[in-house]
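Data from my_file-v6.cif: mmCIF, C-alpha atoms and all ligand atoms
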```cif
data_structure
loop_
_atom_site.label_atom_id
_atom_site.label_comp_id
_atom_site.auth_asym_id
_atom_site.auth_seq_id
_atom_site.Cartn_x
_atom_site.Cartn_y
_atom_site.Cartn_z
CA MET A 161 33.42 -22.09 30.05
CA ASP A 162 36.22 -24.25 28.62
CA ASP A 163 37.05 -23.94 24.94
CA GLN A 164 35.62 -27.32 23.85
CA PRO A 165 38.72 -29.38 24.68
CA HIS A 166 37.08 -32.63 23.50
CA ASP A 167 35.80 -31.62 20.08
CA ARG A 168 38.19 -33.62 17.84
CA PRO A 169 39.01 -37.00 19.41
CA GLY A 170 41.92 -38.77 17.77
CA CYS A 171 41.03 -42.10 19.34
CA VAL A 172 37.63 -43.27 20.56
CA LEU A 173 36.91 -46.40 22.61
CA VAL A 174 33.34 -47.75 22.51
CA ALA A 175 32.45 -50.56 24.90
CA GLY A 176 29.41 -52.76 24.48
CA ALA A 177 30.10 -52.24 20.79
CA GLY A 178 27.54 -54.80 19.60
CA GLY A 179 24.56 -52.78 20.87
CA GLY A 180 22.20 -50.72 18.74
CA ILE A 181 23.23 -47.28 20.01
CA ALA A 182 26.92 -48.27 20.22
CA ARG A 183 27.02 -49.32 16.56
CA ALA A 184 25.40 -46.05 15.53
CA ILE A 185 27.85 -44.04 17.66
CA LEU A 186 30.75 -45.84 15.98
CA ALA A 187 29.33 -45.04 12.54
CA GLU A 188 28.83 -41.40 13.54
CA VAL A 189 32.38 -41.06 14.89
CA ALA A 190 33.83 -42.74 11.78
CA HIS A 191 31.84 -40.36 9.59
CA ARG A 192 32.83 -37.19 11.48
CA TRP A 193 36.49 -38.09 11.99
CA PRO A 194 37.60 -40.56 9.30
CA ASP A 195 41.19 -40.45 10.61
CA ALA A 196 40.27 -41.30 14.20
CA THR A 197 41.39 -44.62 15.63
CA LEU A 198 38.39 -46.69 16.75
CA LEU A 199 38.78 -49.17 19.59
CA THR A 200 35.91 -51.48 20.48
CA ILE A 201 35.13 -53.92 23.26
CA SER A 202 32.26 -56.36 23.01
CA ARG A 203 31.38 -59.86 24.11
CA ASP A 204 31.35 -61.02 20.50
CA SER A 205 33.75 -60.76 17.60
CA GLY A 206 32.91 -57.09 17.03
CA PRO A 207 32.10 -54.90 14.06
CA ASP A 208 34.37 -54.55 11.03
CA LEU A 209 35.25 -50.87 10.82
CA GLY A 210 38.32 -50.93 8.59
CA GLY A 211 42.00 -50.17 9.00
CA ARG A 212 41.99 -47.80 11.96
CA HIS A 213 39.90 -50.15 14.05
CA ARG A 214 41.05 -52.56 16.75
CA HIS A 215 38.70 -54.89 18.62
CA CYS A 216 38.88 -56.81 21.88
CA SER A 217 36.36 -59.58 22.67
CA LEU A 218 35.71 -59.39 26.38
CA GLU A 219 33.01 -59.96 29.00
CA LEU A 220 33.34 -56.72 30.97
CA ALA A 221 31.13 -57.98 33.79
CA GLN A 222 33.92 -60.40 34.82
CA PRO A 223 36.61 -59.12 37.21
CA ASP A 224 39.46 -60.47 35.05
CA SER A 225 38.30 -58.13 32.28
CA VAL A 226 40.11 -55.26 34.04
CA ALA A 227 43.58 -56.65 33.29
CA ALA A 228 42.57 -57.83 29.81
CA ALA A 229 41.07 -54.46 28.81
CA ARG A 230 44.12 -52.62 30.17
CA ALA A 231 46.48 -54.90 28.22
CA PHE A 232 44.43 -54.28 25.06
CA LEU A 233 44.67 -50.51 25.54
CA GLN A 234 48.40 -50.63 26.30
CA GLU A 235 49.01 -52.47 23.01
CA GLN A 236 47.57 -49.59 20.96
CA ASP A 237 49.56 -46.73 19.42
CA ALA A 238 46.95 -44.19 20.53
CA ALA A 239 45.28 -43.71 23.91
CA PRO A 240 41.53 -43.04 23.87
CA ALA A 241 40.56 -39.37 24.07
CA TRP A 242 36.94 -40.48 24.44
CA VAL A 243 35.53 -43.56 26.12
CA VAL A 244 31.84 -44.21 25.48
CA GLN A 245 30.62 -47.08 27.65
CA CYS A 246 27.31 -48.39 26.23
CA CYS A 247 26.79 -51.62 28.21
CA GLY A 248 23.36 -51.97 29.76
CA VAL A 249 20.43 -54.34 30.23
CA LEU A 250 16.71 -53.82 30.86
CA HIS A 251 15.31 -57.29 30.19
CA ASP A 252 16.25 -60.77 29.10
CA ASP A 253 14.23 -63.83 28.03
CA ARG A 254 13.01 -64.48 31.56
CA HIS A 255 13.05 -61.05 33.23
CA GLY A 256 11.61 -57.66 32.53
CA PRO A 257 11.20 -54.39 34.42
CA GLU A 258 9.26 -54.96 37.64
CA LYS A 259 5.91 -53.19 38.13
CA SER A 260 5.77 -53.87 41.87
CA LEU A 261 7.93 -54.84 44.82
CA GLU A 262 6.60 -58.42 44.71
CA GLN A 263 8.09 -58.92 41.27
CA CYS A 264 11.64 -58.12 42.40
CA THR A 265 14.07 -61.02 42.61
CA ASP A 266 17.59 -61.10 43.96
CA ASP A 267 18.85 -62.78 40.81
CA TRP A 268 17.61 -60.11 38.43
CA LEU A 269 18.72 -57.21 40.61
CA LEU A 270 22.20 -58.73 40.85
CA GLU A 271 22.30 -59.40 37.11
CA SER A 272 21.22 -55.81 36.45
CA MET A 273 23.99 -54.55 38.72
CA ARG A 274 26.52 -56.73 36.93
CA THR A 275 25.63 -55.41 33.49
CA ASN A 276 24.67 -51.83 34.31
CA VAL A 277 27.36 -51.10 36.91
CA LEU A 278 30.20 -53.64 36.96
CA THR A 279 30.85 -53.40 33.21
CA HIS A 280 31.38 -49.65 33.66
CA LEU A 281 33.40 -50.04 36.88
CA HIS A 282 35.73 -52.63 35.34
CA LEU A 283 36.37 -50.55 32.23
CA ALA A 284 37.08 -47.51 34.40
CA GLN A 285 39.54 -49.60 36.43
CA ALA A 286 41.26 -50.61 33.19
CA VAL A 287 41.43 -47.05 31.84
CA GLY A 288 42.24 -45.16 35.07
CA PRO A 289 45.97 -45.98 35.31
CA LEU A 290 46.49 -44.90 31.68
CA LEU A 291 45.22 -41.33 32.16
CA GLN A 292 47.73 -38.52 31.91
CA LYS A 293 47.52 -35.10 33.50
CA ARG A 294 47.97 -33.10 30.32
CA ARG A 295 46.03 -35.37 27.94
CA PRO A 296 42.36 -34.30 27.67
CA PHE A 297 40.01 -37.14 28.48
CA LEU A 298 36.27 -37.62 28.14
CA TRP A 299 34.27 -40.50 29.63
CA ALA A 300 30.56 -40.99 28.89
CA SER A 301 28.48 -43.77 30.40
CA LEU A 302 25.18 -44.38 28.66
CA SER A 303 22.78 -44.30 31.59
CA ALA A 304 19.04 -43.58 31.77
CA LYS A 305 16.78 -40.82 33.02
CA VAL A 306 14.89 -43.44 35.02
CA GLY A 307 18.09 -43.83 37.08
CA SER A 308 17.58 -40.30 38.39
CA ILE A 309 16.25 -40.44 41.96
CA GLY A 310 15.09 -36.81 41.83
CA ASP A 311 13.16 -37.38 38.60
CA ASN A 312 11.40 -40.56 39.73
CA GLY A 313 7.71 -39.78 39.99
CA LEU A 314 6.34 -43.04 38.57
CA GLY A 315 8.04 -45.86 40.49
CA GLY A 316 8.43 -49.40 39.14
CA TRP A 317 11.36 -50.76 37.11
CA TYR A 318 13.17 -51.47 40.39
CA SER A 319 16.25 -53.31 39.16
CA TYR A 320 16.90 -51.04 36.20
CA ARG A 321 16.34 -47.87 38.23
CA MET A 322 18.47 -49.05 41.16
CA SER A 323 21.33 -50.21 38.96
CA LYS A 324 21.33 -47.04 36.82
CA ALA A 325 21.23 -44.92 40.01
CA ALA A 326 24.30 -46.84 41.19
CA LEU A 327 25.95 -46.25 37.82
CA ASN A 328 25.21 -42.54 38.17
CA MET A 329 27.00 -42.50 41.54
CA LEU A 330 29.97 -44.29 39.98
CA VAL A 331 30.12 -41.59 37.29
CA ARG A 332 29.97 -38.82 39.88
CA ASN A 333 32.78 -40.41 41.90
CA LEU A 334 34.92 -40.91 38.79
CA SER A 335 34.46 -37.27 37.84
CA ILE A 336 35.86 -36.24 41.21
CA GLU A 337 38.80 -38.69 41.31
CA TRP A 338 39.85 -38.23 37.68
CA GLY A 339 39.14 -34.49 37.75
CA ARG A 340 41.94 -34.18 40.33
CA ARG A 341 44.37 -36.11 38.14
CA VAL A 342 43.65 -34.81 34.63
CA ASP A 343 43.62 -31.11 33.68
CA GLU A 344 40.94 -31.37 30.99
CA CYS A 345 38.74 -34.19 32.22
CA CYS A 346 35.02 -34.59 31.70
CA VAL A 347 33.07 -37.57 33.04
CA VAL A 348 29.34 -37.74 32.40
CA ALA A 349 26.36 -40.06 32.35
CA ILE A 350 24.02 -39.46 29.43
CA HIS A 351 20.43 -40.46 28.72
CA PRO A 352 20.09 -41.30 25.02
CA GLY A 353 16.31 -40.92 24.83
CA THR A 354 14.04 -43.83 23.97
CA THR A 355 15.80 -45.42 21.04
CA ASP A 356 14.66 -48.20 18.75
CA THR A 357 17.01 -51.02 19.78
CA ALA A 358 16.68 -54.54 21.20
CA LEU A 359 16.70 -53.04 24.70
CA SER A 360 13.54 -50.97 24.21
CA LYS A 361 11.77 -53.26 21.71
CA PRO A 362 9.25 -54.89 24.13
CA PHE A 363 8.29 -51.50 25.61
CA GLN A 364 7.71 -49.39 22.52
CA GLU A 365 3.93 -49.87 22.28
CA ASN A 366 3.01 -46.85 24.40
CA ILE A 367 5.72 -44.56 23.08
CA ALA A 368 4.54 -41.84 20.69
CA PRO A 369 6.27 -42.34 17.33
CA ASP A 370 7.90 -38.92 17.55
CA LYS A 371 9.40 -39.87 20.95
CA LEU A 372 11.01 -43.09 19.69
CA TYR A 373 14.29 -42.22 18.05
CA SER A 374 16.38 -44.17 15.57
CA PRO A 375 19.84 -45.27 16.77
CA GLU A 376 21.32 -42.90 14.16
CA THR A 377 19.38 -39.92 15.55
CA SER A 378 20.35 -40.71 19.14
CA ALA A 379 23.99 -41.31 18.21
CA GLY A 380 24.20 -37.99 16.35
CA ARG A 381 22.78 -36.16 19.36
CA ILE A 382 25.07 -37.91 21.82
CA VAL A 383 28.18 -37.15 19.75
CA ASP A 384 27.03 -33.50 19.40
CA VAL A 385 26.71 -33.22 23.18
CA LEU A 386 30.05 -34.92 23.89
CA GLN A 387 31.87 -32.69 21.42
CA GLY A 388 30.72 -29.56 23.23
CA LEU A 389 31.53 -30.67 26.79
CA GLY A 390 34.02 -29.04 29.10
CA ARG A 391 34.97 -29.44 32.75
CA ASP A 392 31.95 -27.39 33.83
CA LYS A 393 29.62 -30.31 32.98
CA SER A 394 31.83 -33.05 34.47
CA GLY A 395 30.01 -35.07 37.11
CA SER A 396 26.58 -34.54 35.51
CA LEU A 397 23.74 -36.71 34.31
CA LEU A 398 22.80 -35.26 30.91
CA PHE A 399 19.68 -35.50 28.78
CA TRP A 400 20.30 -36.22 25.08
CA ASP A 401 20.15 -32.51 24.28
CA GLY A 402 22.84 -31.67 26.85
CA GLU A 403 20.46 -30.42 29.56
CA VAL A 404 21.62 -31.35 33.08
CA LEU A 405 19.17 -33.75 34.80
CA PRO A 406 18.77 -34.09 38.56
CA TRP A 407 20.63 -37.05 40.08
N1 LIG B 1 17.36 -47.91 23.89
C1 LIG B 1 16.85 -47.07 24.77
O1 LIG B 1 15.68 -46.64 24.64
C2 LIG B 1 17.64 -46.61 25.95
C3 LIG B 1 17.07 -45.67 26.81
C4 LIG B 1 17.78 -45.23 27.92
C5 LIG B 1 19.05 -45.72 28.14
N2 LIG B 1 19.60 -46.65 27.29
C6 LIG B 1 20.94 -47.16 27.59
O2 LIG B 1 21.77 -47.08 26.44
C7 LIG B 1 22.73 -48.15 26.47
C8 LIG B 1 22.76 -48.87 25.14
O3 LIG B 1 21.51 -49.51 24.95
P1 LIG B 1 20.94 -49.99 23.55
O4 LIG B 1 19.61 -49.40 23.43
O5 LIG B 1 21.93 -49.80 22.48
O6 LIG B 1 20.70 -51.54 23.85
P2 LIG B 1 21.25 -52.88 23.19
O7 LIG B 1 21.20 -52.79 21.72
O8 LIG B 1 20.50 -53.98 23.87
O9 LIG B 1 22.77 -52.89 23.66
C9 LIG B 1 23.08 -53.25 24.99
C10 LIG B 1 24.55 -53.22 25.20
O10 LIG B 1 24.89 -53.74 26.46
C11 LIG B 1 25.88 -54.73 26.36
N3 LIG B 1 25.54 -55.84 27.27
C12 LIG B 1 24.33 -56.40 27.47
N4 LIG B 1 24.42 -57.38 28.39
C13 LIG B 1 25.72 -57.42 28.77
C14 LIG B 1 26.44 -58.21 29.70
N5 LIG B 1 25.86 -59.16 30.43
N6 LIG B 1 27.75 -57.97 29.84
C15 LIG B 1 28.36 -57.01 29.11
N7 LIG B 1 27.72 -56.24 28.21
C16 LIG B 1 26.42 -56.43 28.06
C17 LIG B 1 25.95 -55.18 24.93
O11 LIG B 1 27.32 -55.34 24.64
P3 LIG B 1 27.98 -56.44 23.66
O12 LIG B 1 28.60 -55.64 22.59
O13 LIG B 1 28.96 -57.13 24.53
O14 LIG B 1 26.87 -57.34 23.18
C18 LIG B 1 25.32 -54.01 24.21
O15 LIG B 1 26.29 -53.10 23.79
C19 LIG B 1 22.35 -49.04 27.66
O16 LIG B 1 23.19 -48.72 28.74
C20 LIG B 1 20.92 -48.63 27.98
O17 LIG B 1 20.59 -48.82 29.33
C21 LIG B 1 18.92 -47.10 26.20
#
```

Structure translated into structure tokens:
Amino acid sequence: MDDQPHDRPGCVLVAGAGGGIARAILAEVAHRWPDATLLTISRDSGPDLGGRHRHCSLELAQPDSVAAARAFLQEQDAAPAWVVQCCGVLHDDRHGPEKSLEQCTDDWLLESMRTNVLTHLHLAQAVGPLLQKRRPFLWASLSAKVGSIGDNGLGGWYSYRMSKAALNMLVRNLSIEWGRRVDECCVVAIHPGTTDTALSKPFQENIAPDKLYSPETSAGRIVDVLQGLGRDKSGSLLFWDGEVLPW
């Protein structure tokens, strides 16, 4: 196994930085590594994280975000050692997870693909050209266990499941392409566990209290897992405790 090449990131980029888990990950990273440079991308004006923080307001679902995100990264003194892409959607005011085939609509599937896949694809397209062979690099996409095809025994949630399964394939492909270009490269998808954020709020009723985690708890676990990763886990879908899940 590799000797934890990603355990002290000097620069961390968090995308979808306005989200519940993203904000907690940023706080956790700032706490563990006060000297690390924090870069954030969000649709809004972004959090205020002090002197070593730079923010870019961007809609990553749009194709022109690729050039804008790349320009933002090229302006920085430090290149990200970690990228944690947190963008995702499960519901909005008019749509929720489908219980049956009849409830599926083209619009919501396409919107789910835009937010759950294109935001990750576009950021990867922005970051890819900046990677260097001898600079260790870690990419983590927040995905979901329900995006695992092998683990799906319940059905339902068509648009979320399909879009997260597509995200998982993107992550697997990236791990192969970037693994050829970068010596110490690890690219994973990670399931944060059911976390008390706006995304899970309408669906928390049937969750046992001890299975609904605070954003701080989930962020701490995710950062623990990322810190310990090496090339051997690249191309995996991980549970929040680091266990490898079936695709
Ligand atoms: N909470 C859970 O129980 C749970 C469980 C499994 C997986 N996850 C995954 O964990 C990730 C973070 O979720 P969360 O719980 O922190 O949810 P959240 O608080 O609702 O945050 C969602 C994130 O997605 C971004 N986003 C939403 N719509 C977008 C759009 N149209 N274009 C670009 N960005 C968009 C937001 O970025 P902005 O900063 O731009 O607003 C925000 O960071 C998601 O990928 C989710 O699928 C969560």

Counting only C-alpha atoms and all ligand atoms, which residues of chain A sit at most 7 Å from some atom of ligand LIG 1 (chain B), and what is each one's closest atom pair with its distance in Å to one decimal, listed by chain and rising residue number, as a tab-separated table?
```
residue	atom	partner	partner_atom	distance
A:Ala175	CA	B:LIG1	O15	6.8
A:Gly176	CA	B:LIG1	O15	3.2
A:Ala177	CA	B:LIG1	O12	4.1
A:Gly178	CA	B:LIG1	O12	3.3
A:Gly179	CA	B:LIG1	O9	3.3
A:Gly180	CA	B:LIG1	O7	3.8
A:Ile181	CA	B:LIG1	O5	3.8
A:Ala182	CA	B:LIG1	O5	5.7
A:Ile201	CA	B:LIG1	O12	6.8
A:Ser202	CA	B:LIG1	O13	3.7
A:Arg203	CA	B:LIG1	O13	3.7
A:Asp204	CA	B:LIG1	O13	6.1
A:Glu219	CA	B:LIG1	C15	5.5
A:Leu220	CA	B:LIG1	C15	5.3
A:Ala221	CA	B:LIG1	N6	5.2
A:Cys246	CA	B:LIG1	C7	4.6
A:Cys247	CA	B:LIG1	O10	3.3
A:Gly248	CA	B:LIG1	O16	3.4
A:Val249	CA	B:LIG1	C12	5.2
A:Leu250	CA	B:LIG1	O17	6.5
A:Arg274	CA	B:LIG1	N5	7.0
A:Thr275	CA	B:LIG1	C14	4.8
A:Asn276	CA	B:LIG1	O16	6.5
A:Thr279	CA	B:LIG1	C15	6.0
A:Leu302	CA	B:LIG1	O16	4.8
A:Ser303	CA	B:LIG1	C6	5.3
A:Ala304	CA	B:LIG1	C5	4.2
A:Lys305	CA	B:LIG1	C4	6.8
A:His351	CA	B:LIG1	C5	5.5
A:Pro352	CA	B:LIG1	C4	5.4
A:Gly353	CA	B:LIG1	C3	5.2
A:Thr354	CA	B:LIG1	O1	3.3
A:Thr355	CA	B:LIG1	O1	3.8
A:Asp356	CA	B:LIG1	N1	5.8
A:Thr357	CA	B:LIG1	O4	4.8
A:Ala358	CA	B:LIG1	O8	4.7
A:Leu359	CA	B:LIG1	O8	4.0
A:Ser360	CA	B:LIG1	O1	4.8
```

Compile the contact shell of Gly170 of chain A as a PyMOL selection string: residues with an atom at most 12 Å away, counting all atoms listed in the file, same-chain residues fewer than 5 positions apart removed. chain A and resi 189-190+192-199+212+237-243+295-298

Within 9 Å of Ala379 of chain A, counting all atoms listed in the file, which residues show up once you throw out same-chain ones fewer than 2 positions away? Write them as an MDAnalysis selection string, please. chainID A and resid 181:188 352 374:377 381:384

Find the spatial neighbours of Asp401 of chain A, counting only C-alpha atoms, within a cut-off of 7 Å - ignore same-chain residues fewer than 2 positions away - and output them as a PDB file with C-alpha atoms, in the frame of the given file.
```pdb
ATOM      1  CA  ARG A 381      22.780 -36.160  19.360  1.00  0.00           C
ATOM      2  CA  VAL A 385      26.710 -33.220  23.180  1.00  0.00           C
ATOM      3  CA  PHE A 399      19.680 -35.500  28.780  1.00  0.00           C
ATOM      4  CA  GLU A 403      20.460 -30.420  29.560  1.00  0.00           C
TER       5      GLU A 403
END
```

Separation of atom CA of Pro362 of chain A and atom CA of Pro406 of chain A, in Å?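 It comes out at 27.0 Å.
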
Provide an axis-aligned box for all listed atoms of segment 357-373 of chain A, padding each side by 4 Å; report its centre and its edge lengths in Å to one decimal, as lines of an AutoDock Vina configuration file.
```
center_x = 10.0
center_y = -46.9
center_z = 21.5
size_x = 22.0
size_y = 24.0
size_z = 16.3
```

With all atoms listed in the file as the counted atoms, please give the residues lying no more than 6 Å from Val244 of chain A, apart from itself and same-chain residues fewer than 2 positions off, as a PDB file with C-alpha atoms, in the coordinates of the input.
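Generated file (result_13.pdb):
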```
ATOM      1  CA  VAL A 174      33.340 -47.750  22.510  1.00  0.00           C
ATOM      2  CA  ALA A 300      30.560 -40.990  28.890  1.00  0.00           C
ATOM      3  CA  SER A 301      28.480 -43.770  30.400  1.00  0.00           C
TER       4      SER A 301
END
```

Within 12 Å of segment 314-317 of chain A, counting only C-alpha atoms, which residues show up once you throw out same-chain ones fewer than 5 positions away? Write them as number ranges by chain, please. A: 249-251, 255-265, 268-269, 272, 304, 306-309, 322-325, 363

Based on the selection just made, write C-alpha atoms of those residues as an mmCIF file, in the coordinates of the input.
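Saved file result.cif follows:
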```
data_model
loop_
_atom_site.group_PDB
_atom_site.id
_atom_site.type_symbol
_atom_site.label_atom_id
_atom_site.label_comp_id
_atom_site.auth_asym_id
_atom_site.auth_seq_id
_atom_site.Cartn_x
_atom_site.Cartn_y
_atom_site.Cartn_z
ATOM 1 C CA VAL A 249 20.430 -54.340 30.230
ATOM 2 C CA LEU A 250 16.710 -53.820 30.860
ATOM 3 C CA HIS A 251 15.310 -57.290 30.190
ATOM 4 C CA HIS A 255 13.050 -61.050 33.230
ATOM 5 C CA GLY A 256 11.610 -57.660 32.530
ATOM 6 C CA PRO A 257 11.200 -54.390 34.420
ATOM 7 C CA GLU A 258 9.260 -54.960 37.640
ATOM 8 C CA LYS A 259 5.910 -53.190 38.130
ATOM 9 C CA SER A 260 5.770 -53.870 41.870
ATOM 10 C CA LEU A 261 7.930 -54.840 44.820
ATOM 11 C CA GLU A 262 6.600 -58.420 44.710
ATOM 12 C CA GLN A 263 8.090 -58.920 41.270
ATOM 13 C CA CYS A 264 11.640 -58.120 42.400
ATOM 14 C CA THR A 265 14.070 -61.020 42.610
ATOM 15 C CA TRP A 268 17.610 -60.110 38.430
ATOM 16 C CA LEU A 269 18.720 -57.210 40.610
ATOM 17 C CA SER A 272 21.220 -55.810 36.450
ATOM 18 C CA ALA A 304 19.040 -43.580 31.770
ATOM 19 C CA VAL A 306 14.890 -43.440 35.020
ATOM 20 C CA GLY A 307 18.090 -43.830 37.080
ATOM 21 C CA SER A 308 17.580 -40.300 38.390
ATOM 22 C CA ILE A 309 16.250 -40.440 41.960
ATOM 23 C CA MET A 322 18.470 -49.050 41.160
ATOM 24 C CA SER A 323 21.330 -50.210 38.960
ATOM 25 C CA LYS A 324 21.330 -47.040 36.820
ATOM 26 C CA ALA A 325 21.230 -44.920 40.010
ATOM 27 C CA PHE A 363 8.290 -51.500 25.610
#
```

Coordinates-based distance that separates atom CA of Pro165 of chain A from atom CA of Gln285 of chain A (Å, one decimal):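 These two atoms are separated by 23.4 Å.
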
Of A:Ile336, A:Leu233, A:Val342, A:Ile367, the one sitting nearest Ser396 of chain A when using all atoms listed in the file is A:Ile336

Using all atoms listed in the file, the best pick from A:Leu270, A:Ala286, A:Leu173, A:Leu389 as closest to Val347 of chain A would be A:Leu389

For Gly288 of chain A, which of A:Glu365, A:Asp224, A:Glu337, A:Asp370 is the closest residue, counting all atoms listed in the file?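 Closest candidate: A:Glu337.
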